[in-house]
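Note: the block below is query.cif and it holds mmCIF, C-alpha atoms and all ligand atoms.
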```
data_structure
loop_
_atom_site.label_atom_id
_atom_site.label_comp_id
_atom_site.auth_asym_id
_atom_site.auth_seq_id
_atom_site.Cartn_x
_atom_site.Cartn_y
_atom_site.Cartn_z
CA MET A 14 -45.53 26.55 38.97
CA GLU A 15 -46.18 22.92 38.09
CA THR A 16 -48.34 22.11 35.12
CA TYR A 17 -51.22 19.65 35.38
CA TYR A 18 -51.92 17.72 32.21
CA ILE A 19 -55.47 16.73 31.41
CA LEU A 20 -55.40 13.81 29.03
CA ASP A 21 -57.92 12.87 26.39
CA ALA A 22 -58.09 9.28 25.09
CA SER A 23 -56.17 10.46 22.01
CA ALA A 24 -53.23 11.37 24.26
CA PHE A 25 -52.83 7.68 25.14
CA ILE A 26 -53.67 6.34 21.71
CA ASN A 27 -51.18 8.70 20.04
CA GLY A 28 -48.41 8.04 22.55
CA PHE A 29 -48.16 11.06 24.86
CA GLN A 30 -45.21 10.56 27.25
CA LEU A 31 -46.15 11.02 30.90
CA GLU A 32 -43.10 12.76 32.36
CA THR A 33 -44.56 13.90 35.69
CA LYS A 34 -47.12 12.65 38.18
CA ASN A 35 -49.48 15.53 37.44
CA ASN A 36 -51.66 13.79 34.87
CA LEU A 37 -55.41 13.67 35.14
CA THR A 38 -58.28 12.23 33.19
CA VAL A 39 -61.98 11.47 33.74
CA PRO A 40 -63.51 8.00 34.32
CA GLU A 41 -65.37 8.06 30.97
CA ILE A 42 -62.09 8.15 29.03
CA THR A 43 -61.22 4.67 30.27
CA ALA A 44 -63.83 3.08 27.97
CA GLU A 45 -62.44 4.91 24.93
CA ILE A 46 -59.01 3.34 25.17
CA LYS A 47 -59.54 0.03 23.45
CA ASP A 48 -56.40 -0.97 21.64
CA PHE A 49 -54.08 -3.25 23.53
CA GLU A 50 -50.93 -1.13 23.53
CA SER A 51 -52.66 2.09 24.65
CA ARG A 52 -54.51 0.13 27.32
CA LEU A 53 -51.24 -1.25 28.70
CA LYS A 54 -49.75 2.25 28.89
CA PHE A 55 -52.90 3.58 30.51
CA ASP A 56 -52.98 0.86 33.18
CA ALA A 57 -49.24 1.19 33.83
CA ALA A 58 -49.59 4.95 34.30
CA ILE A 59 -52.26 4.41 36.96
CA GLU A 60 -50.18 1.74 38.65
CA ASP A 61 -47.08 3.99 38.66
CA GLY A 62 -49.09 6.78 40.25
CA LYS A 63 -48.58 9.00 37.20
CA LEU A 64 -52.23 9.20 36.27
CA VAL A 65 -55.17 10.14 38.46
CA ILE A 66 -58.73 9.45 37.40
CA GLN A 67 -60.75 12.36 38.65
CA ASP A 68 -64.49 12.86 38.59
CA VAL A 69 -65.95 16.30 37.96
CA GLU A 70 -68.34 18.33 40.08
CA SER A 71 -71.65 18.83 38.29
CA LYS A 72 -71.46 22.63 38.46
CA TYR A 73 -68.54 22.58 36.02
CA ILE A 74 -70.51 20.45 33.58
CA LYS A 75 -73.35 22.98 33.79
CA GLU A 76 -70.90 25.83 33.26
CA LEU A 77 -69.51 24.08 30.17
CA ASN A 78 -72.98 23.36 28.78
CA GLN A 79 -73.77 27.07 28.99
CA ILE A 80 -70.58 27.98 27.15
CA ILE A 81 -71.04 25.47 24.32
CA SER A 82 -74.74 26.13 23.85
CA LYS A 83 -73.64 29.56 22.60
CA SER A 84 -70.70 28.43 20.48
CA GLY A 85 -72.57 25.63 18.68
CA ASP A 86 -69.97 23.02 19.64
CA SER A 87 -72.47 21.08 21.74
CA LEU A 88 -73.40 18.56 19.06
CA ARG A 89 -69.84 17.78 18.08
CA LEU A 90 -68.71 16.81 21.56
CA SER A 91 -69.24 13.36 23.04
CA GLY A 92 -70.14 12.83 26.71
CA PRO A 93 -66.53 11.97 27.66
CA ASP A 94 -65.28 15.01 25.70
CA LYS A 95 -67.54 17.30 27.72
CA LYS A 96 -66.49 15.68 30.97
CA LEU A 97 -62.84 16.22 30.08
CA ILE A 98 -63.31 19.91 29.33
CA ALA A 99 -65.36 20.30 32.53
CA LEU A 100 -62.41 18.77 34.41
CA ALA A 101 -60.18 21.43 32.86
CA LEU A 102 -62.57 24.11 34.13
CA MET A 103 -62.50 22.57 37.60
CA ILE A 104 -58.69 22.38 37.81
CA LYS A 105 -58.40 25.91 36.42
CA ASP A 106 -60.74 27.02 39.21
CA GLU A 107 -58.21 25.62 41.70
CA ASN A 108 -55.73 28.14 40.25
CA LYS A 109 -53.48 25.44 38.90
CA ASN A 110 -51.48 25.66 35.73
CA ILE A 111 -53.11 23.32 33.25
CA LYS A 112 -52.72 22.04 29.76
CA VAL A 113 -55.12 19.73 27.98
CA ILE A 114 -53.58 17.09 25.74
CA SER A 115 -55.95 16.19 22.92
CA ASP A 116 -55.86 15.71 19.17
CA ASP A 117 -59.63 16.17 18.97
CA TYR A 118 -60.39 19.31 16.99
CA SER A 119 -63.79 19.90 18.66
CA ILE A 120 -62.21 19.76 22.11
CA GLN A 121 -59.42 22.12 21.04
CA ASN A 122 -61.97 24.54 19.63
CA VAL A 123 -63.90 24.78 22.90
CA LEU A 124 -60.68 25.15 24.89
CA LYS A 125 -59.72 28.04 22.63
CA ILE A 126 -63.03 29.73 23.44
CA ILE A 127 -62.61 29.21 27.20
CA GLY A 128 -58.95 30.22 27.12
CA ILE A 129 -57.42 26.98 28.41
CA PRO A 130 -54.05 25.98 26.93
CA TYR A 131 -53.87 22.76 24.95
CA SER A 132 -51.58 20.70 22.76
CA GLY A 133 -52.14 17.88 20.35
CA VAL A 134 -49.82 14.88 20.43
CA ILE A 135 -49.60 14.46 16.67
CA THR A 136 -50.22 18.02 15.54
CA ASP A 137 -47.77 19.66 17.94
CA GLY A 138 -45.20 16.88 17.91
CA ILE A 139 -45.04 16.41 21.66
CA LYS A 140 -44.83 12.64 21.40
CA GLY A 141 -41.58 12.65 23.31
CA VAL A 142 -38.56 14.17 21.61
CA TYR A 143 -37.48 12.15 18.63
CA ASN A 144 -34.94 12.58 15.96
CA TRP A 145 -33.96 10.71 12.83
CA LYS A 146 -30.68 9.32 11.65
CA LYS A 147 -29.60 7.22 8.72
CA VAL A 148 -28.08 3.79 9.28
CA CYS A 149 -26.24 1.56 6.82
CA GLU A 150 -27.90 -1.80 6.14
CA GLY A 151 -24.52 -3.40 5.66
CA CYS A 152 -21.91 -2.12 8.12
CA LYS A 153 -24.37 -0.26 10.43
CA LYS A 154 -22.44 2.99 10.16
CA GLU A 155 -24.61 5.86 11.33
CA TYR A 156 -25.08 9.11 9.47
CA PRO A 157 -26.86 12.31 10.44
CA ASP A 158 -30.41 12.78 9.16
CA ASP A 159 -29.26 15.43 6.66
CA TYR A 160 -26.58 13.21 5.10
CA PRO A 161 -27.26 13.82 1.38
CA PHE A 162 -26.70 10.31 -0.02
CA ASP A 163 -28.71 7.09 0.13
CA ASP A 164 -25.76 4.73 0.10
CA CYS A 165 -22.94 4.08 2.53
CA GLU A 166 -19.57 5.74 1.89
CA ILE A 167 -17.76 2.74 3.45
CA CYS A 168 -19.47 -0.34 1.98
CA GLY A 169 -21.93 1.07 -0.57
CA SER A 170 -25.01 -0.56 1.00
CA ASN A 171 -28.33 1.25 1.27
CA LEU A 172 -29.04 3.54 4.18
CA PHE A 173 -32.34 3.35 6.05
CA LYS A 174 -33.92 5.96 8.29
CA LYS A 175 -34.22 5.18 11.94
CA ARG A 176 -36.09 7.07 14.64
CA ILE A 177 -34.12 7.70 17.80
CA LYS A 178 -35.41 8.99 21.09
CA LEU A 179 -33.30 11.79 22.52
ZN ZN B 1 -21.90 0.57 5.18
#
```
Before anything else, please render the file you have as structure tokens.
Ligand SMILES: [Zn+2]
Amino acid sequence: METYYILDASAFINGFQLETKNNLTVPEITAEIKDFESRLKFDAAIEDGKLVIQDVESKYIKELNQIISKSGDSLRLSGPDKKLIALALMIKDENKNIKVISDDYSIQNVLKIIGIPYSGVITDGIKGVYNWKKVCEGCKKEYPDDYPFDDCEICGSNLFKKRIKL
């Protein structure tokens, strides 16, 4: 079964990689993505058909308000946060496999209560799969990340760490 990802603003700001076309967010999130780079990625995702902006039926917002009035999370959540969680309730109601991508602790806490799976971009390291290697400043020889020395065995120059995408 395909998984639908519901993306918080932090997913874009922290660099979540959109691998499939099953990515959803709510209109209110748009205003939260202010920095230039995240904005570019956000707009490109919409243009590529990888991101759908989906509004939420009011009954799911009511359902959420009932849940959080009991848990005490109501005050910690912003309007867009609530809308995003309500979207998760709505998609779950369609019997789809969902996962919410958010680094916001208040959102994660409510999702835990409702029983909806989530991941953070930073906390769970899902920012694409990266690895590190060491590279020589001088001759550019590459060493594995666990190479125990800080200088090059060929030319003696310093090694620097470089992030590589797998
Ligand atoms: Zn070298």
- Item | Near-stretch 96-101 of chain A list (8 Å; all atoms listed in the file; drop same-chain fewer than 3 positions) as a count of residues only | 22
- Task: Tell me which protein, DNA and RNA residues are within 6 Å of stretch 24-27 of chain A, counting only C-alpha atoms, leaving out same-chain ones fewer than 5 positions away, and put them as a list in words.
- Result: Ser51, Ile114 and Ser115 of chain A
Generate the output file for the selected residues, C-alpha atoms, as a PDB file, in the coordinates of the input.
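Written out: part.pdb:
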```
ATOM      1  CA  SER A  51     -52.660   2.090  24.650  1.00  0.00           C
ATOM      2  CA  ILE A 114     -53.580  17.090  25.740  1.00  0.00           C
ATOM      3  CA  SER A 115     -55.950  16.190  22.920  1.00  0.00           C
TER       4      SER A 115
END
```
- Task: Name the residues in contact with A:Asn171 at a cut-off of 8 Å, using all atoms listed in the file, excluding same-chain residues fewer than 3 positions from it; report them as a VMD selection string.
- Result: chain A and resid 149 to 151 163 to 165
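The interatomic distance for the pair atom CA of A:Leu172 and atom CA of A:Lys154 works out to 8.9 Å.
Each of A:Ala44, A:Ile177, A:Ile167, A:Leu64 was compared to ligand ZN 1 (chain B) using all atoms listed in the file, and A:Ile167 turns out to be the nearest.
Relative to atom CA of A:Leu31, atom CA of A:Ala57 is found at 10.7 Å.
For the residues A:Leu53, A:Ile42, A:Ile135, A:Ala58, ranking by smallest atom-to-atom distance to A:Lys95 using all atoms listed in the file places A:Ile42 first.
Note that the spacing between atom CA of A:Asp61 and atom CA of A:Ser23 amounts to 20.0 Å.
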- Smallest atom-to-atom distance to ligand ZN 1 (chain B): which of A:Phe173, A:Leu102, A:Cys152, A:Pro157, using all atoms listed in the file? A:Cys152
- Task: For A:Ile59, list every protein, DNA or RNA residue within 10 Å, evaluated using only C-alpha atoms, and leave out those in the same chain fewer than 4 positions away; present the list as a VMD selection string.
- Result: chain A and resid 34 36 to 37 54 to 55 63 to 66
- Task: Kindly extract all protein, DNA and RNA residues lying within 7 Å of the coordinates (-32.9, 8.1, 14.0) given in the file, considering all atoms listed in the file, and supply them as JSON, numbers by chain.
- Result: {"A": [144, 145, 146, 147, 174, 175, 176, 177]}
- Task: Do a neighbour search on A:Val123 at 9 Å with all atoms listed in the file, toss out local chain neighbours closer than 2 positions, and write the hits as a PyMOL selection string.
- Result: chain A and resi 80-81+84+86+98+118-121+125-129
Where atoms are absent from stretch 42-68 of chain A, fill them in so it carries N, CA, C and O atoms, then output it as a CSV table (one decimal), in the coordinates of the input.
```csv
chain,number,residue,atom,x,y,z
A,42,ILE,N,-63.1,8.3,30.0
A,42,ILE,CA,-62.1,8.2,29.0
A,42,ILE,C,-61.6,6.7,29.0
A,42,ILE,O,-61.3,6.2,27.9
A,43,THR,N,-61.7,6.0,30.2
A,43,THR,CA,-61.2,4.7,30.3
A,43,THR,C,-61.8,3.8,29.2
A,43,THR,O,-61.1,3.0,28.6
A,44,ALA,N,-63.1,3.9,28.9
A,44,ALA,CA,-63.8,3.1,28.0
A,44,ALA,C,-63.4,3.4,26.5
A,44,ALA,O,-63.7,2.6,25.6
A,45,GLU,N,-62.8,4.5,26.3
A,45,GLU,CA,-62.4,4.9,24.9
A,45,GLU,C,-61.1,4.4,24.5
A,45,GLU,O,-60.7,4.4,23.4
A,46,ILE,N,-60.3,3.8,25.5
A,46,ILE,CA,-59.0,3.3,25.2
A,46,ILE,C,-59.1,1.8,25.0
A,46,ILE,O,-59.1,1.1,25.9
A,47,LYS,N,-59.2,1.4,23.7
A,47,LYS,CA,-59.5,0.0,23.4
A,47,LYS,C,-58.4,-0.8,22.9
A,47,LYS,O,-58.3,-2.0,23.2
A,48,ASP,N,-57.5,-0.1,22.2
A,48,ASP,CA,-56.4,-1.0,21.6
A,48,ASP,C,-55.4,-1.4,22.7
A,48,ASP,O,-55.2,-0.7,23.7
A,49,PHE,N,-54.8,-2.6,22.5
A,49,PHE,CA,-54.1,-3.2,23.5
A,49,PHE,C,-52.9,-2.4,24.1
A,49,PHE,O,-52.7,-2.3,25.3
A,50,GLU,N,-52.1,-1.8,23.1
A,50,GLU,CA,-50.9,-1.1,23.5
A,50,GLU,C,-51.3,0.1,24.4
A,50,GLU,O,-50.6,0.4,25.4
A,51,SER,N,-52.3,0.9,23.9
A,51,SER,CA,-52.7,2.1,24.6
A,51,SER,C,-53.2,1.7,26.0
A,51,SER,O,-52.9,2.4,27.0
A,52,ARG,N,-53.9,0.6,26.1
A,52,ARG,CA,-54.5,0.1,27.3
A,52,ARG,C,-53.4,-0.2,28.3
A,52,ARG,O,-53.5,0.1,29.5
A,53,LEU,N,-52.4,-0.9,27.8
A,53,LEU,CA,-51.2,-1.2,28.7
A,53,LEU,C,-50.6,0.0,29.3
A,53,LEU,O,-50.3,0.1,30.5
A,54,LYS,N,-50.4,1.0,28.4
A,54,LYS,CA,-49.8,2.2,28.9
A,54,LYS,C,-50.6,3.0,29.9
A,54,LYS,O,-50.1,3.5,30.9
A,55,PHE,N,-51.9,2.9,29.6
A,55,PHE,CA,-52.9,3.6,30.5
A,55,PHE,C,-52.9,2.9,31.9
A,55,PHE,O,-52.8,3.6,32.9
A,56,ASP,N,-53.0,1.6,31.9
A,56,ASP,CA,-53.0,0.9,33.2
A,56,ASP,C,-51.7,1.0,33.9
A,56,ASP,O,-51.7,1.2,35.2
A,57,ALA,N,-50.6,1.0,33.2
A,57,ALA,CA,-49.2,1.2,33.8
A,57,ALA,C,-49.1,2.6,34.5
A,57,ALA,O,-48.6,2.7,35.5
A,58,ALA,N,-49.7,3.6,33.8
A,58,ALA,CA,-49.6,5.0,34.3
A,58,ALA,C,-50.3,5.1,35.6
A,58,ALA,O,-49.9,5.8,36.5
A,59,ILE,N,-51.5,4.4,35.7
A,59,ILE,CA,-52.3,4.4,37.0
A,59,ILE,C,-51.5,3.7,38.1
A,59,ILE,O,-51.3,4.2,39.2
A,60,GLU,N,-50.9,2.5,37.7
A,60,GLU,CA,-50.2,1.7,38.6
A,60,GLU,C,-48.9,2.5,39.2
A,60,GLU,O,-48.6,2.4,40.3
A,61,ASP,N,-48.3,3.2,38.3
A,61,ASP,CA,-47.1,4.0,38.7
A,61,ASP,C,-47.4,5.3,39.4
A,61,ASP,O,-46.5,6.1,39.8
A,62,GLY,N,-48.7,5.5,39.6
A,62,GLY,CA,-49.1,6.8,40.2
A,62,GLY,C,-48.9,8.0,39.4
A,62,GLY,O,-48.8,9.1,39.9
A,63,LYS,N,-48.8,7.9,38.1
A,63,LYS,CA,-48.6,9.0,37.2
A,63,LYS,C,-49.9,9.5,36.7
A,63,LYS,O,-49.9,10.6,36.1
A,64,LEU,N,-50.9,8.8,36.8
A,64,LEU,CA,-52.2,9.2,36.3
A,64,LEU,C,-53.3,9.1,37.3
A,64,LEU,O,-53.4,8.0,38.0
A,65,VAL,N,-54.1,10.1,37.5
A,65,VAL,CA,-55.2,10.1,38.5
A,65,VAL,C,-56.5,10.3,37.7
A,65,VAL,O,-56.6,11.1,36.8
A,66,ILE,N,-57.4,9.4,38.0
A,66,ILE,CA,-58.7,9.4,37.4
A,66,ILE,C,-59.6,10.2,38.3
A,66,ILE,O,-59.8,9.9,39.5
A,67,GLN,N,-60.1,11.4,37.8
A,67,GLN,CA,-60.8,12.4,38.6
A,67,GLN,C,-62.2,12.6,38.1
A,67,GLN,O,-62.3,12.9,37.0
A,68,ASP,N,-63.1,12.5,39.0
A,68,ASP,CA,-64.5,12.9,38.6
A,68,ASP,C,-64.7,14.4,38.7
A,68,ASP,O,-63.9,15.1,39.3
```
